[in-house]
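Q: My questions will all concern the structure given below.
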Protein chains: 2
Amino acid sequence: MSQKQQDNKKQITINDVAKEAGVSKTTVSRYLGKQYDSLAEDTRKKIEEAIKILDYKPNRMASGLKGGRSYLIGMVVADITNPFTVSILHAAEILCRSKGYSLMVCNTNNDPKVEREYIFMLQSHRIDGLIINTTGKNNQFLLDMAKQRTSVVLVDRKIPELGFDTIGIDNMTPTMEAVQFLLKQDYERIAFFSEPVDGISTRHERLTAFQSVLKAHDHPSQNDIYEVSLNKADDLKKQLECFLNDTRNAKRAIFSANGVVSLNLIKESKARGLKIPEDLSIIGFDDLDWSEIITPPLTTIAQPTEDIGRTAIERVFERIEGDTSPPKEILLSARLKLRGSTH
Amino acid sequence: MSQKQQDNKKQITINDVAKEAGVSKTTVSRYLGKQYDSLAEDTRKKIEEAIKILDYKPNRMASGLKGGRSYLIGMVVADITNPFTVSILHAAEILCRSKGYSLMVCNTNNDPKVEREYIFMLQSHRIDGLIINTTGKNNQFLLDMAKQRTSVVLVDRKIPELGFDTIGIDNMTPTMEAVQFLLKQDYERIAFFSEPVDGISTRHERLTAFQSVLKAHDHPSQNDIYEVSLNKADDLKKQLECFLNDTRNAKRAIFSANGVVSLNLIKESKARGLKIPEDLSIIGFDDLDWSEIITPPLTTIAQPTEDIGRTAIERVFERIEGDTSPPKEILLSARLKLRGSTH
DNA sequence: TTGTAAGCGTTATCAC
DNA sequence: GTGATAACGCTTACAA
């Protein structure tokens with residue numbers, strides 16, 4: 001059996017349904033638009049039946065072209081291999097489906113060029129809404145998009161000047177709390193490990209909070225800042241080495257700005273035979289699956305990822321449904337979870 | 001500033017471009033279709049410029065309606081929170097973009113009703129191709145879909161009767177290898193832990209391989225089969241307890257049929273204060289991020305997830321581009337990685 | 001090399 | 001309640 005449809009019978013259309021039901025296509029269209037009160041009980045049933053018999057599926061490209069909605073939501077994420085991202089996506093997807101929308105998922109791998117490519121692609125599909133965890137390097141294109149007919153909502157990374165709805169977390173509070181905790185435990189050196197900050201608000205906020213606490217305490221680690229590129233082999237390894245060499249015999253800790261960085265730090269620490277927390281303590285953003293099954297369990301800052309996803313998509317729908325109020329910035333709270341990777 | 005477009009200026013269309021460039025829209029359409037050889041160098045430039053000036057974005061709903069293709073690929077997955085799934089998705093996404101297609105990601109959470117809903121939705125969007133990790137409970141709908149214009153490719157879970165291209169792995173070989181390894185280490189009891197098999201080929205194959213080896217060795221564990229529902233609280237906990245009670249003082253191991261099950265088994269083992277591998281050994285399908293950072297590192301069977309995703313999308317595109325050869329079943333190989341969680 | 005015109009499957013505006 | 005008919009923005013014969 002050949003997989004291709006030999007009898008490439010053309011699509012069933014609203015016309016076929018109309019003929020089968022013995023009505024005009026306008027009437028069928030009314031049925032599809034659920035305008036039941038302008039339909040005789042009887043015709044409605046005939047149409048219903050015709051649809052079932054013919055196995056008719058309305059064509060969204062056609063209806064989208066004519067009137068309005070594409071019923072498509074774009075979701076542009078920076079790193080889909082990061083569980084943080086997936087969790088947001090997961091929550092968004094559920095709500096999306098319940099509203100009859102579909103999600104187009106686009107992974108930029110933090111590359112502005114890829115992001116731009118996707119933005120154009122999504123525009124071509126005339127998506128109704130966009131949720132984006134942006135590189136921040138395509139602001140003008142996002143503004144253009146919004147000027148057309150697409151509701152844009154920023155997640156995670158904020159760019160206030162754009163005037164978009166934004167769903168993120170308060171990064172300052174838990175970061176400060178974490179650093180203060182470390183200070184109370186008398187850590188002599190504390191490093192901040194992050195992927196390159198590069199104008200990304202989340203990273204910037206975490207860094208700022210980190211530094212401000214140290215500064216307030218006049219702590220020697222104010223410049224123990226390490227920006228690592230995870231896709232450059234050995235970069236993290238070298239920088240970790242650097243910190244370790246610089247802090248022999250000191251009671252030391254690392255504050256890791258996200259879960260993927262934490263994972264790699266732990267891998268590398270294991271490889272070097274370091275004992276956690278004796279030789280090196282670790283505290284990291286993102287509470288992942290494995291955080292509590294490693295030895296010792298990892299002290300983390302848990303973000304309400306599902307809430308972020310849900311809230312973002314809710315905001316998109318509010319816009320789609322006509323809300324024209326000023327842009328909102330919604331900040332959710334993250335929570336410090338103390339575990340064994342810190343004394 | 002209000003976010004809504006006050007000057008809801010209508011979309012720029014091919015007509016506007018034609019006017020701006022001083023040519024007919026047919027000519028512009030030719031340009032868009034890259035039929036450059038039937039275009040004068042000069043007109044081509046004019047069109048190019050007009051497009052830039054107007055910031056024109058072709059409307060895919062319109063072109064799709066007329067010409068056939070939607071440039072949409074559906075990706076229906078059973079569990080997006082499983083990193084196995086994400087990895088496949090990740091690979092598919094990259095290729096998709098490079099071909100100018102977009103991915104519509106649909107998570108069924110293993111629920112046939114949700115799956116059906118998504119299938120209809122995707123049909124309405126007239127997707128060109130579908131990659132599906134199916135529940136197996138909507139076969140007729142999948143066949144219908146293929147009969148229309150959608151190329152369907154099965155990933156991970158096989159259903160030979162449907163005659164679809166299928167990308168999966170050889171589950172038998174590594175499972176047998178794993179069990180044989182355990183037997184060589186003289187495990188007295190070996191349990192098989194899996195989410196409910198329920199006709200799902202991957203799970204079934206793993207189970208069959210598991211049992212066949214034990215049978216061949218006349219091993220006492222042939223019936224140590226545990227099917228757990230991860231969304232039912234405590235189900236795994238109880239079943240694990242059951243196995244443990246039944247095997248006091250025996251040298252015992254668990255073969256876990258996927259990474260999420262492994263994770264939960266490890267969590268529960270930790271909670272009970274069990275030492276791995278002394279009190280209980282674990283060997284599990286799926287080599288995840290955290291497999292090697294836990295203590296002891298987990299012995300796993302690593303699936304070539306990126307290859308699966310890439311191969312699946314390649315197959316879809318071959319079909320879309322007109323391949324009508326008989327359906328292929330492509331089996332990739334998984335690899336046993338021995339680590340400390342087994343002696 | 002370019003243009004005219006028909007049509008893709010809908011919805012919306014009229015009229016009956 | 002229902003039905004012609006004209007868009008929506010594009011592609012594709014067919015002409016020129």
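As shown in the structure tokens, the chain order sets the letters A, B, ...; within each chain, residues go from 1, and ligands are also counted from 1 in the order they appear.
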I need the chain D residues near chain A as a ChimeraX atom specification; criterion: at most 9 Å, counting only C-alpha atoms (C1' of nucleotides).

A: /D:1-3,7-9

Q: Report the residues of stretch 173-230 of chain A whose backbone DSSP state falls under alpha helix (DSSP H), written as a PDB file with N, CA, C and O atoms, in the first residue's frame.

A:
ATOM      1  N   THR A 173      14.498  39.775  45.164  1.00  0.00           N
ATOM      2  CA  THR A 173      14.234  39.265  46.506  1.00  0.00           C
ATOM      3  C   THR A 173      14.873  37.904  46.790  1.00  0.00           C
ATOM      4  O   THR A 173      15.642  37.771  47.747  1.00  0.00           O
ATOM      5  N   PRO A 174      14.579  36.892  45.987  1.00  0.00           N
ATOM      6  CA  PRO A 174      15.156  35.581  46.346  1.00  0.00           C
ATOM      7  C   PRO A 174      16.676  35.542  46.193  1.00  0.00           C
ATOM      8  O   PRO A 174      17.349  34.832  46.941  1.00  0.00           O
ATOM      9  N   THR A 175      17.190  36.318  45.242  1.00  0.00           N
ATOM     10  CA  THR A 175      18.641  36.335  45.087  1.00  0.00           C
ATOM     11  C   THR A 175      19.295  36.935  46.328  1.00  0.00           C
ATOM     12  O   THR A 175      20.264  36.394  46.877  1.00  0.00           O
ATOM     13  N   MET A 176      18.737  38.045  46.782  1.00  0.00           N
ATOM     14  CA  MET A 176      19.292  38.687  47.974  1.00  0.00           C
ATOM     15  C   MET A 176      19.173  37.771  49.177  1.00  0.00           C
ATOM     16  O   MET A 176      20.103  37.620  49.976  1.00  0.00           O
ATOM     17  N   GLU A 177      18.026  37.134  49.245  1.00  0.00           N
ATOM     18  CA  GLU A 177      17.811  36.208  50.350  1.00  0.00           C
ATOM     19  C   GLU A 177      18.870  35.106  50.331  1.00  0.00           C
ATOM     20  O   GLU A 177      19.452  34.753  51.360  1.00  0.00           O
ATOM     21  N   ALA A 178      19.134  34.597  49.150  1.00  0.00           N
ATOM     22  CA  ALA A 178      20.110  33.515  49.025  1.00  0.00           C
ATOM     23  C   ALA A 178      21.508  33.990  49.430  1.00  0.00           C
ATOM     24  O   ALA A 178      22.221  33.306  50.175  1.00  0.00           O
ATOM     25  N   VAL A 179      21.870  35.154  48.942  1.00  0.00           N
ATOM     26  CA  VAL A 179      23.215  35.641  49.248  1.00  0.00           C
ATOM     27  C   VAL A 179      23.340  35.953  50.739  1.00  0.00           C
ATOM     28  O   VAL A 179      24.362  35.652  51.373  1.00  0.00           O
ATOM     29  N   GLN A 180      22.291  36.541  51.263  1.00  0.00           N
ATOM     30  CA  GLN A 180      22.321  36.826  52.694  1.00  0.00           C
ATOM     31  C   GLN A 180      22.455  35.549  53.507  1.00  0.00           C
ATOM     32  O   GLN A 180      23.197  35.491  54.490  1.00  0.00           O
ATOM     33  N   PHE A 181      21.771  34.539  53.065  1.00  0.00           N
ATOM     34  CA  PHE A 181      21.908  33.252  53.732  1.00  0.00           C
ATOM     35  C   PHE A 181      23.359  32.790  53.712  1.00  0.00           C
ATOM     36  O   PHE A 181      23.914  32.345  54.718  1.00  0.00           O
ATOM     37  N   LEU A 182      23.981  32.901  52.551  1.00  0.00           N
ATOM     38  CA  LEU A 182      25.382  32.473  52.447  1.00  0.00           C
ATOM     39  C   LEU A 182      26.279  33.290  53.361  1.00  0.00           C
ATOM     40  O   LEU A 182      27.190  32.762  54.006  1.00  0.00           O
ATOM     41  N   LEU A 183      25.987  34.567  53.413  1.00  0.00           N
ATOM     42  CA  LEU A 183      26.812  35.430  54.272  1.00  0.00           C
ATOM     43  C   LEU A 183      26.686  35.018  55.728  1.00  0.00           C
ATOM     44  O   LEU A 183      27.664  34.993  56.481  1.00  0.00           O
ATOM     45  N   LYS A 184      25.484  34.685  56.097  1.00  0.00           N
ATOM     46  CA  LYS A 184      25.271  34.279  57.490  1.00  0.00           C
ATOM     47  C   LYS A 184      26.063  33.008  57.815  1.00  0.00           C
ATOM     48  O   LYS A 184      26.455  32.788  58.959  1.00  0.00           O
ATOM     49  N   SER A 201      17.427  40.829  31.080  1.00  0.00           N
ATOM     50  CA  SER A 201      16.995  41.404  32.350  1.00  0.00           C
ATOM     51  C   SER A 201      17.112  40.435  33.516  1.00  0.00           C
ATOM     52  O   SER A 201      17.555  40.801  34.607  1.00  0.00           O
ATOM     53  N   THR A 202      16.685  39.186  33.302  1.00  0.00           N
ATOM     54  CA  THR A 202      16.725  38.235  34.406  1.00  0.00           C
ATOM     55  C   THR A 202      18.147  38.095  34.937  1.00  0.00           C
ATOM     56  O   THR A 202      18.384  38.152  36.139  1.00  0.00           O
ATOM     57  N   ARG A 203      19.067  37.899  34.018  1.00  0.00           N
ATOM     58  CA  ARG A 203      20.453  37.712  34.449  1.00  0.00           C
ATOM     59  C   ARG A 203      20.979  38.982  35.110  1.00  0.00           C
ATOM     60  O   ARG A 203      21.669  38.926  36.122  1.00  0.00           O
ATOM     61  N   HIS A 204      20.609  40.086  34.518  1.00  0.00           N
ATOM     62  CA  HIS A 204      21.070  41.361  35.054  1.00  0.00           C
ATOM     63  C   HIS A 204      20.544  41.582  36.477  1.00  0.00           C
ATOM     64  O   HIS A 204      21.283  41.985  37.377  1.00  0.00           O
ATOM     65  N   GLU A 205      19.281  41.326  36.657  1.00  0.00           N
ATOM     66  CA  GLU A 205      18.687  41.520  37.977  1.00  0.00           C
ATOM     67  C   GLU A 205      19.337  40.624  39.025  1.00  0.00           C
ATOM     68  O   GLU A 205      19.593  41.032  40.155  1.00  0.00           O
ATOM     69  N   ARG A 206      19.589  39.389  38.615  1.00  0.00           N
ATOM     70  CA  ARG A 206      20.196  38.469  39.574  1.00  0.00           C
ATOM     71  C   ARG A 206      21.607  38.939  39.935  1.00  0.00           C
ATOM     72  O   ARG A 206      22.013  38.898  41.091  1.00  0.00           O
ATOM     73  N   LEU A 207      22.299  39.378  38.923  1.00  0.00           N
ATOM     74  CA  LEU A 207      23.656  39.877  39.165  1.00  0.00           C
ATOM     75  C   LEU A 207      23.640  41.108  40.065  1.00  0.00           C
ATOM     76  O   LEU A 207      24.408  41.206  41.035  1.00  0.00           O
ATOM     77  N   THR A 208      22.758  42.026  39.749  1.00  0.00           N
ATOM     78  CA  THR A 208      22.675  43.253  40.533  1.00  0.00           C
ATOM     79  C   THR A 208      22.356  42.964  41.997  1.00  0.00           C
ATOM     80  O   THR A 208      22.990  43.509  42.906  1.00  0.00           O
ATOM     81  N   ALA A 209      21.376  42.089  42.187  1.00  0.00           N
ATOM     82  CA  ALA A 209      20.996  41.739  43.556  1.00  0.00           C
ATOM     83  C   ALA A 209      22.171  41.106  44.271  1.00  0.00           C
ATOM     84  O   ALA A 209      22.470  41.425  45.430  1.00  0.00           O
ATOM     85  N   PHE A 210      22.842  40.233  43.579  1.00  0.00           N
ATOM     86  CA  PHE A 210      24.018  39.558  44.134  1.00  0.00           C
ATOM     87  C   PHE A 210      25.047  40.581  44.602  1.00  0.00           C
ATOM     88  O   PHE A 210      25.499  40.567  45.743  1.00  0.00           O
ATOM     89  N   GLN A 211      25.376  41.467  43.697  1.00  0.00           N
ATOM     90  CA  GLN A 211      26.414  42.444  44.022  1.00  0.00           C
ATOM     91  C   GLN A 211      26.001  43.402  45.124  1.00  0.00           C
ATOM     92  O   GLN A 211      26.808  43.781  45.964  1.00  0.00           O
ATOM     93  N   SER A 212      24.726  43.789  45.098  1.00  0.00           N
ATOM     94  CA  SER A 212      24.303  44.795  46.066  1.00  0.00           C
ATOM     95  C   SER A 212      24.426  44.268  47.498  1.00  0.00           C
ATOM     96  O   SER A 212      24.836  44.995  48.406  1.00  0.00           O
ATOM     97  N   VAL A 213      24.085  43.000  47.680  1.00  0.00           N
ATOM     98  CA  VAL A 213      24.188  42.450  49.025  1.00  0.00           C
ATOM     99  C   VAL A 213      25.647  42.407  49.473  1.00  0.00           C
ATOM    100  O   VAL A 213      25.993  42.774  50.595  1.00  0.00           O
ATOM    101  N   LEU A 214      26.498  41.941  48.550  1.00  0.00           N
ATOM    102  CA  LEU A 214      27.912  41.843  48.914  1.00  0.00           C
ATOM    103  C   LEU A 214      28.486  43.215  49.235  1.00  0.00           C
ATOM    104  O   LEU A 214      29.273  43.392  50.164  1.00  0.00           O
ATOM    105  N   LYS A 215      28.073  44.156  48.430  1.00  0.00           N
ATOM    106  CA  LYS A 215      28.557  45.519  48.630  1.00  0.00           C
ATOM    107  C   LYS A 215      28.131  46.034  50.000  1.00  0.00           C
ATOM    108  O   LYS A 215      28.936  46.576  50.771  1.00  0.00           O
ATOM    109  N   ALA A 216      26.873  45.837  50.301  1.00  0.00           N
ATOM    110  CA  ALA A 216      26.354  46.307  51.588  1.00  0.00           C
ATOM    111  C   ALA A 216      27.143  45.711  52.744  1.00  0.00           C
ATOM    112  O   ALA A 216      27.273  46.327  53.798  1.00  0.00           O
TER     113      ALA A 216
END

Q: Show which residues sit within 7 Å of stretch 218-228 of chain B, as a ChimeraX atom specification. Count only C-alpha atoms (C1' of nucleotides), and ignore same-chain residues fewer than 3 positions away.

A: /B:189-196,211,214-215,235-236,239

Q: Any chance you could export the current selection's N, CA and C atoms as a PDB file, in the first residue's frame?

A:
ATOM      1  N   ARG B 189      16.463 -11.281  42.293  1.00  0.00           N
ATOM      2  CA  ARG B 189      15.125 -10.818  41.881  1.00  0.00           C
ATOM      3  C   ARG B 189      15.281  -9.537  41.064  1.00  0.00           C
ATOM      4  N   ILE B 190      14.599  -9.494  39.965  1.00  0.00           N
ATOM      5  CA  ILE B 190      14.664  -8.322  39.101  1.00  0.00           C
ATOM      6  C   ILE B 190      13.247  -7.892  38.734  1.00  0.00           C
ATOM      7  N   ALA B 191      12.913  -6.670  39.051  1.00  0.00           N
ATOM      8  CA  ALA B 191      11.561  -6.200  38.748  1.00  0.00           C
ATOM      9  C   ALA B 191      11.571  -5.324  37.499  1.00  0.00           C
ATOM     10  N   PHE B 192      10.474  -5.395  36.796  1.00  0.00           N
ATOM     11  CA  PHE B 192      10.274  -4.531  35.633  1.00  0.00           C
ATOM     12  C   PHE B 192       9.268  -3.461  36.034  1.00  0.00           C
ATOM     13  N   PHE B 193       9.694  -2.213  36.050  1.00  0.00           N
ATOM     14  CA  PHE B 193       8.786  -1.102  36.376  1.00  0.00           C
ATOM     15  C   PHE B 193       8.530  -0.275  35.125  1.00  0.00           C
ATOM     16  N   SER B 194       7.267  -0.075  34.828  1.00  0.00           N
ATOM     17  CA  SER B 194       6.914   0.690  33.631  1.00  0.00           C
ATOM     18  C   SER B 194       5.602   1.401  33.862  1.00  0.00           C
ATOM     19  N   GLU B 195       5.363   2.458  33.111  1.00  0.00           N
ATOM     20  CA  GLU B 195       4.010   2.982  33.074  1.00  0.00           C
ATOM     21  C   GLU B 195       3.170   1.930  32.356  1.00  0.00           C
ATOM     22  N   PRO B 196       1.847   2.007  32.495  1.00  0.00           N
ATOM     23  CA  PRO B 196       1.003   0.938  31.954  1.00  0.00           C
ATOM     24  C   PRO B 196       1.325   0.629  30.481  1.00  0.00           C
ATOM     25  N   GLN B 211      11.107 -10.295  29.780  1.00  0.00           N
ATOM     26  CA  GLN B 211      10.602 -11.605  30.179  1.00  0.00           C
ATOM     27  C   GLN B 211      11.293 -12.741  29.442  1.00  0.00           C
ATOM     28  N   LEU B 214      14.572 -13.659  31.065  1.00  0.00           N
ATOM     29  CA  LEU B 214      14.383 -14.345  32.349  1.00  0.00           C
ATOM     30  C   LEU B 214      13.886 -15.768  32.130  1.00  0.00           C
ATOM     31  N   LYS B 215      12.991 -15.882  31.191  1.00  0.00           N
ATOM     32  CA  LYS B 215      12.439 -17.201  30.897  1.00  0.00           C
ATOM     33  C   LYS B 215      13.554 -18.138  30.425  1.00  0.00           C
ATOM     34  N   ASP B 235       1.058   5.574  43.857  1.00  0.00           N
ATOM     35  CA  ASP B 235       0.952   4.279  43.187  1.00  0.00           C
ATOM     36  C   ASP B 235       2.335   3.641  43.099  1.00  0.00           C
ATOM     37  N   LEU B 236       3.290   4.426  42.606  1.00  0.00           N
ATOM     38  CA  LEU B 236       4.648   3.900  42.509  1.00  0.00           C
ATOM     39  C   LEU B 236       5.176   3.499  43.876  1.00  0.00           C
ATOM     40  N   GLN B 239       3.750   0.172  44.945  1.00  0.00           N
ATOM     41  CA  GLN B 239       4.238  -0.968  44.184  1.00  0.00           C
ATOM     42  C   GLN B 239       5.697  -1.259  44.505  1.00  0.00           C
TER      43      GLN B 239
END

Q: Where in stretch 25-247 of chain B does DSSP assign strand (DSSP E or B), given as a PyMOL selection string?

A: chain B and resi 72-77+102-107+129-132+151-155+165-169+189-194+225-227

Q: If we count only C-alpha atoms (C1' of nucleotides) and set the cut-off at 9 Å, which residues sit around C:DG9, ignoring sequence neighbours fewer than 3 positions away in its own chain? Please answer as a PDB file with N, CA and C atoms, in the first residue's frame.

A:
ATOM      1  N   THR A  13     -15.531  20.652   1.203  1.00  0.00           N
ATOM      2  CA  THR A  13     -15.673  22.065   1.559  1.00  0.00           C
ATOM      3  C   THR A  13     -17.077  22.349   2.078  1.00  0.00           C
ATOM      4  N   ILE A  14     -17.227  23.562   2.460  1.00  0.00           N
ATOM      5  CA  ILE A  14     -18.513  24.008   2.960  1.00  0.00           C
ATOM      6  C   ILE A  14     -19.593  23.850   1.889  1.00  0.00           C
ATOM      7  N   ASN A  15     -19.158  23.917   0.642  1.00  0.00           N
ATOM      8  CA  ASN A  15     -20.099  23.724  -0.465  1.00  0.00           C
ATOM      9  C   ASN A  15     -20.667  22.317  -0.488  1.00  0.00           C
ATOM     10  N   PRO A  58     -13.663  22.167   8.806  1.00  0.00           N
ATOM     11  CA  PRO A  58     -13.531  23.553   8.319  1.00  0.00           C
ATOM     12  C   PRO A  58     -12.070  23.887   8.037  1.00  0.00           C
ATOM     13  N   ASN A  59     -11.854  24.702   7.067  1.00  0.00           N
ATOM     14  CA  ASN A  59     -10.499  25.086   6.690  1.00  0.00           C
ATOM     15  C   ASN A  59     -10.128  26.414   7.346  1.00  0.00           C
ATOM     16  N   ARG A  60      -9.212  26.332   8.282  1.00  0.00           N
ATOM     17  CA  ARG A  60      -8.848  27.530   9.038  1.00  0.00           C
ATOM     18  C   ARG A  60      -8.090  28.538   8.197  1.00  0.00           C
ATOM     19  N   MET A  61      -7.438  28.071   7.154  1.00  0.00           N
ATOM     20  CA  MET A  61      -6.729  29.031   6.318  1.00  0.00           C
ATOM     21  C   MET A  61      -7.744  29.920   5.611  1.00  0.00           C
ATOM     22  N   ALA A  62      -8.801  29.289   5.175  1.00  0.00           N
ATOM     23  CA  ALA A  62      -9.825  30.053   4.473  1.00  0.00           C
ATOM     24  C   ALA A  62     -10.530  31.019   5.418  1.00  0.00           C
ATOM     25  N   SER A  63     -10.931  30.503   6.557  1.00  0.00           N
ATOM     26  CA  SER A  63     -11.667  31.392   7.458  1.00  0.00           C
ATOM     27  C   SER A  63     -10.746  32.475   7.993  1.00  0.00           C
TER      28      SER A  63
ATOM     29  N   LEU B  65      -4.109  28.668   1.081  1.00  0.00           N
ATOM     30  CA  LEU B  65      -5.467  28.396   0.625  1.00  0.00           C
ATOM     31  C   LEU B  65      -5.472  28.096  -0.864  1.00  0.00           C
TER      32      LEU B  65
END

Q: Which polymer residues have any atom within 9 Å of an atom of B:Pro304, counting only C-alpha atoms (C1' of nucleotides), with same-chain residues fewer than 6 positions away left out, as a tab-separated table (two decimals) with all heavy atoms, in the first residue's frame?

A:
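So the final result, stored in selection_26.tsv, reads:
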chain	number	residue	atom	x	y	z
B	88	ILE	N	13.65	15.03	21.05
B	88	ILE	CA	13.15	14.74	19.71
B	88	ILE	C	12.61	16.03	19.08
B	88	ILE	O	12.93	16.38	17.94
B	88	ILE	CB	12.04	13.68	19.77
B	88	ILE	CG1	12.62	12.34	20.21
B	88	ILE	CG2	11.33	13.55	18.43
B	88	ILE	CD1	11.59	11.25	20.38
B	169	ILE	N	13.29	2.88	17.95
B	169	ILE	CA	14.55	2.20	18.23
B	169	ILE	C	14.28	0.71	18.37
B	169	ILE	O	13.15	0.27	18.54
B	169	ILE	CB	15.22	2.69	19.53
B	169	ILE	CG1	14.36	2.34	20.74
B	169	ILE	CG2	15.49	4.17	19.48
B	169	ILE	CD1	15.15	2.30	22.01
B	332	LEU	N	16.58	2.76	15.05
B	332	LEU	CA	17.89	3.22	15.48
B	332	LEU	C	18.31	2.40	16.70
B	332	LEU	O	17.50	1.67	17.28
B	332	LEU	CB	17.83	4.71	15.81
B	332	LEU	CG	17.28	5.55	14.64
B	332	LEU	CD1	17.10	7.01	15.05
B	332	LEU	CD2	18.20	5.46	13.43
B	333	SER	N	19.55	2.56	17.06
B	333	SER	CA	20.04	1.72	18.17
B	333	SER	C	20.23	2.50	19.46
B	333	SER	O	20.71	3.63	19.45
B	333	SER	CB	21.39	1.10	17.81
B	333	SER	OG	21.31	0.49	16.55
B	334	ALA	N	19.88	1.87	20.55
B	334	ALA	CA	20.12	2.46	21.86
B	334	ALA	C	21.31	1.74	22.49
B	334	ALA	O	21.67	0.66	22.08
B	334	ALA	CB	18.89	2.30	22.74
B	335	ARG	N	21.88	2.39	23.47
B	335	ARG	CA	23.15	1.86	23.99
B	335	ARG	C	23.14	1.80	25.52
B	335	ARG	O	22.78	2.75	26.20
B	335	ARG	CB	24.27	2.80	23.53
B	335	ARG	CG	25.63	2.16	23.59
B	335	ARG	CD	26.67	3.03	22.92
B	335	ARG	NE	27.65	3.48	23.90
B	335	ARG	CZ	27.77	4.73	24.34
B	335	ARG	NH1	26.98	5.69	23.88
B	335	ARG	NH2	28.69	5.03	25.23

Q: So that I can check the surroundings of A:Arg157, please list as a ChimeraX atom specification every protein, DNA and RNA residue that reaches within 9 Å of it, counting only C-alpha atoms (C1' of nucleotides) and ignoring chain neighbours fewer than 4 positions away.

A: /A:132-136,166-168,200-203

Q: Once you have the residues from the selection above, write them out as an mmCIF file, in the first residue's frame, restricted to C-alpha atoms.

A:
data_model
loop_
_atom_site.group_PDB
_atom_site.id
_atom_site.type_symbol
_atom_site.label_atom_id
_atom_site.label_comp_id
_atom_site.auth_asym_id
_atom_site.auth_seq_id
_atom_site.Cartn_x
_atom_site.Cartn_y
_atom_site.Cartn_z
ATOM 1 C CA ILE A 132 8.317 35.494 23.701
ATOM 2 C CA ASN A 133 11.341 34.956 25.856
ATOM 3 C CA THR A 134 13.391 37.293 23.774
ATOM 4 C CA THR A 135 17.058 37.803 23.111
ATOM 5 C CA GLY A 136 16.284 41.516 23.282
ATOM 6 C CA THR A 166 5.270 41.150 30.715
ATOM 7 C CA ILE A 167 5.180 38.121 32.959
ATOM 8 C CA GLY A 168 8.247 37.452 35.027
ATOM 9 C CA ILE A 200 19.112 40.064 29.525
ATOM 10 C CA SER A 201 16.995 41.404 32.350
ATOM 11 C CA THR A 202 16.725 38.235 34.406
ATOM 12 C CA ARG A 203 20.453 37.712 34.449
#

Q: Specify as a ChimeraX atom specification all residues of chain C found within 12 Å of chain A, counting only C-alpha atoms (C1' of nucleotides).

A: /C:8-13

Q: Export, as a short mmCIF file (atom, residue, chain, number, x, y, z; two decimals), in the first residue's frame, the selected residues with N, CA and C atoms (P, O5', C5', C4', C3', O3' and C1' of nucleotides).

A:
data_model
loop_
_atom_site.label_atom_id
_atom_site.label_comp_id
_atom_site.auth_asym_id
_atom_site.auth_seq_id
_atom_site.Cartn_x
_atom_site.Cartn_y
_atom_site.Cartn_z
P DC C 8 -12.22 26.67 -6.95
"O5'" DC C 8 -11.37 26.44 -5.63
"C5'" DC C 8 -10.03 25.96 -5.66
"C4'" DC C 8 -9.33 26.47 -4.43
"C3'" DC C 8 -10.25 26.51 -3.22
"O3'" DC C 8 -10.07 25.28 -2.49
"C1'" DC C 8 -8.90 28.51 -3.42
P DG C 9 -11.36 24.42 -2.13
"O5'" DG C 9 -11.83 25.14 -0.80
"C5'" DG C 9 -10.99 25.08 0.33
"C4'" DG C 9 -11.53 26.02 1.38
"C3'" DG C 9 -12.97 25.71 1.82
"O3'" DG C 9 -13.02 25.81 3.21
"C1'" DG C 9 -12.80 27.95 1.11
P DT C 10 -14.29 25.45 4.03
"O5'" DT C 10 -14.27 26.64 5.07
"C5'" DT C 10 -15.22 27.66 4.95
"C4'" DT C 10 -14.57 28.98 5.27
"C3'" DT C 10 -15.55 29.94 5.87
"O3'" DT C 10 -15.31 30.03 7.27
"C1'" DT C 10 -14.40 30.92 4.00
P DT C 11 -16.54 30.54 8.14
"O5'" DT C 11 -16.62 32.10 7.81
"C5'" DT C 11 -15.54 32.94 8.20
"C4'" DT C 11 -15.87 34.36 7.80
"C3'" DT C 11 -17.12 34.93 8.46
"O3'" DT C 11 -16.82 36.29 8.76
"C1'" DT C 11 -17.34 35.03 6.11
P DA C 12 -17.83 37.17 9.61
"O5'" DA C 12 -18.37 38.22 8.53
"C5'" DA C 12 -17.44 38.95 7.74
"C4'" DA C 12 -18.22 39.93 6.87
"C3'" DA C 12 -19.42 40.58 7.55
"O3'" DA C 12 -19.60 41.87 6.98
"C1'" DA C 12 -20.17 39.24 5.76
P DT C 13 -20.66 42.88 7.68
"O5'" DT C 13 -21.25 43.71 6.44
"C5'" DT C 13 -20.66 43.60 5.15
"C4'" DT C 13 -21.74 43.69 4.09
"C3'" DT C 13 -23.05 44.33 4.56
"O3'" DT C 13 -23.53 45.21 3.55
"C1'" DT C 13 -23.50 42.23 3.61
#
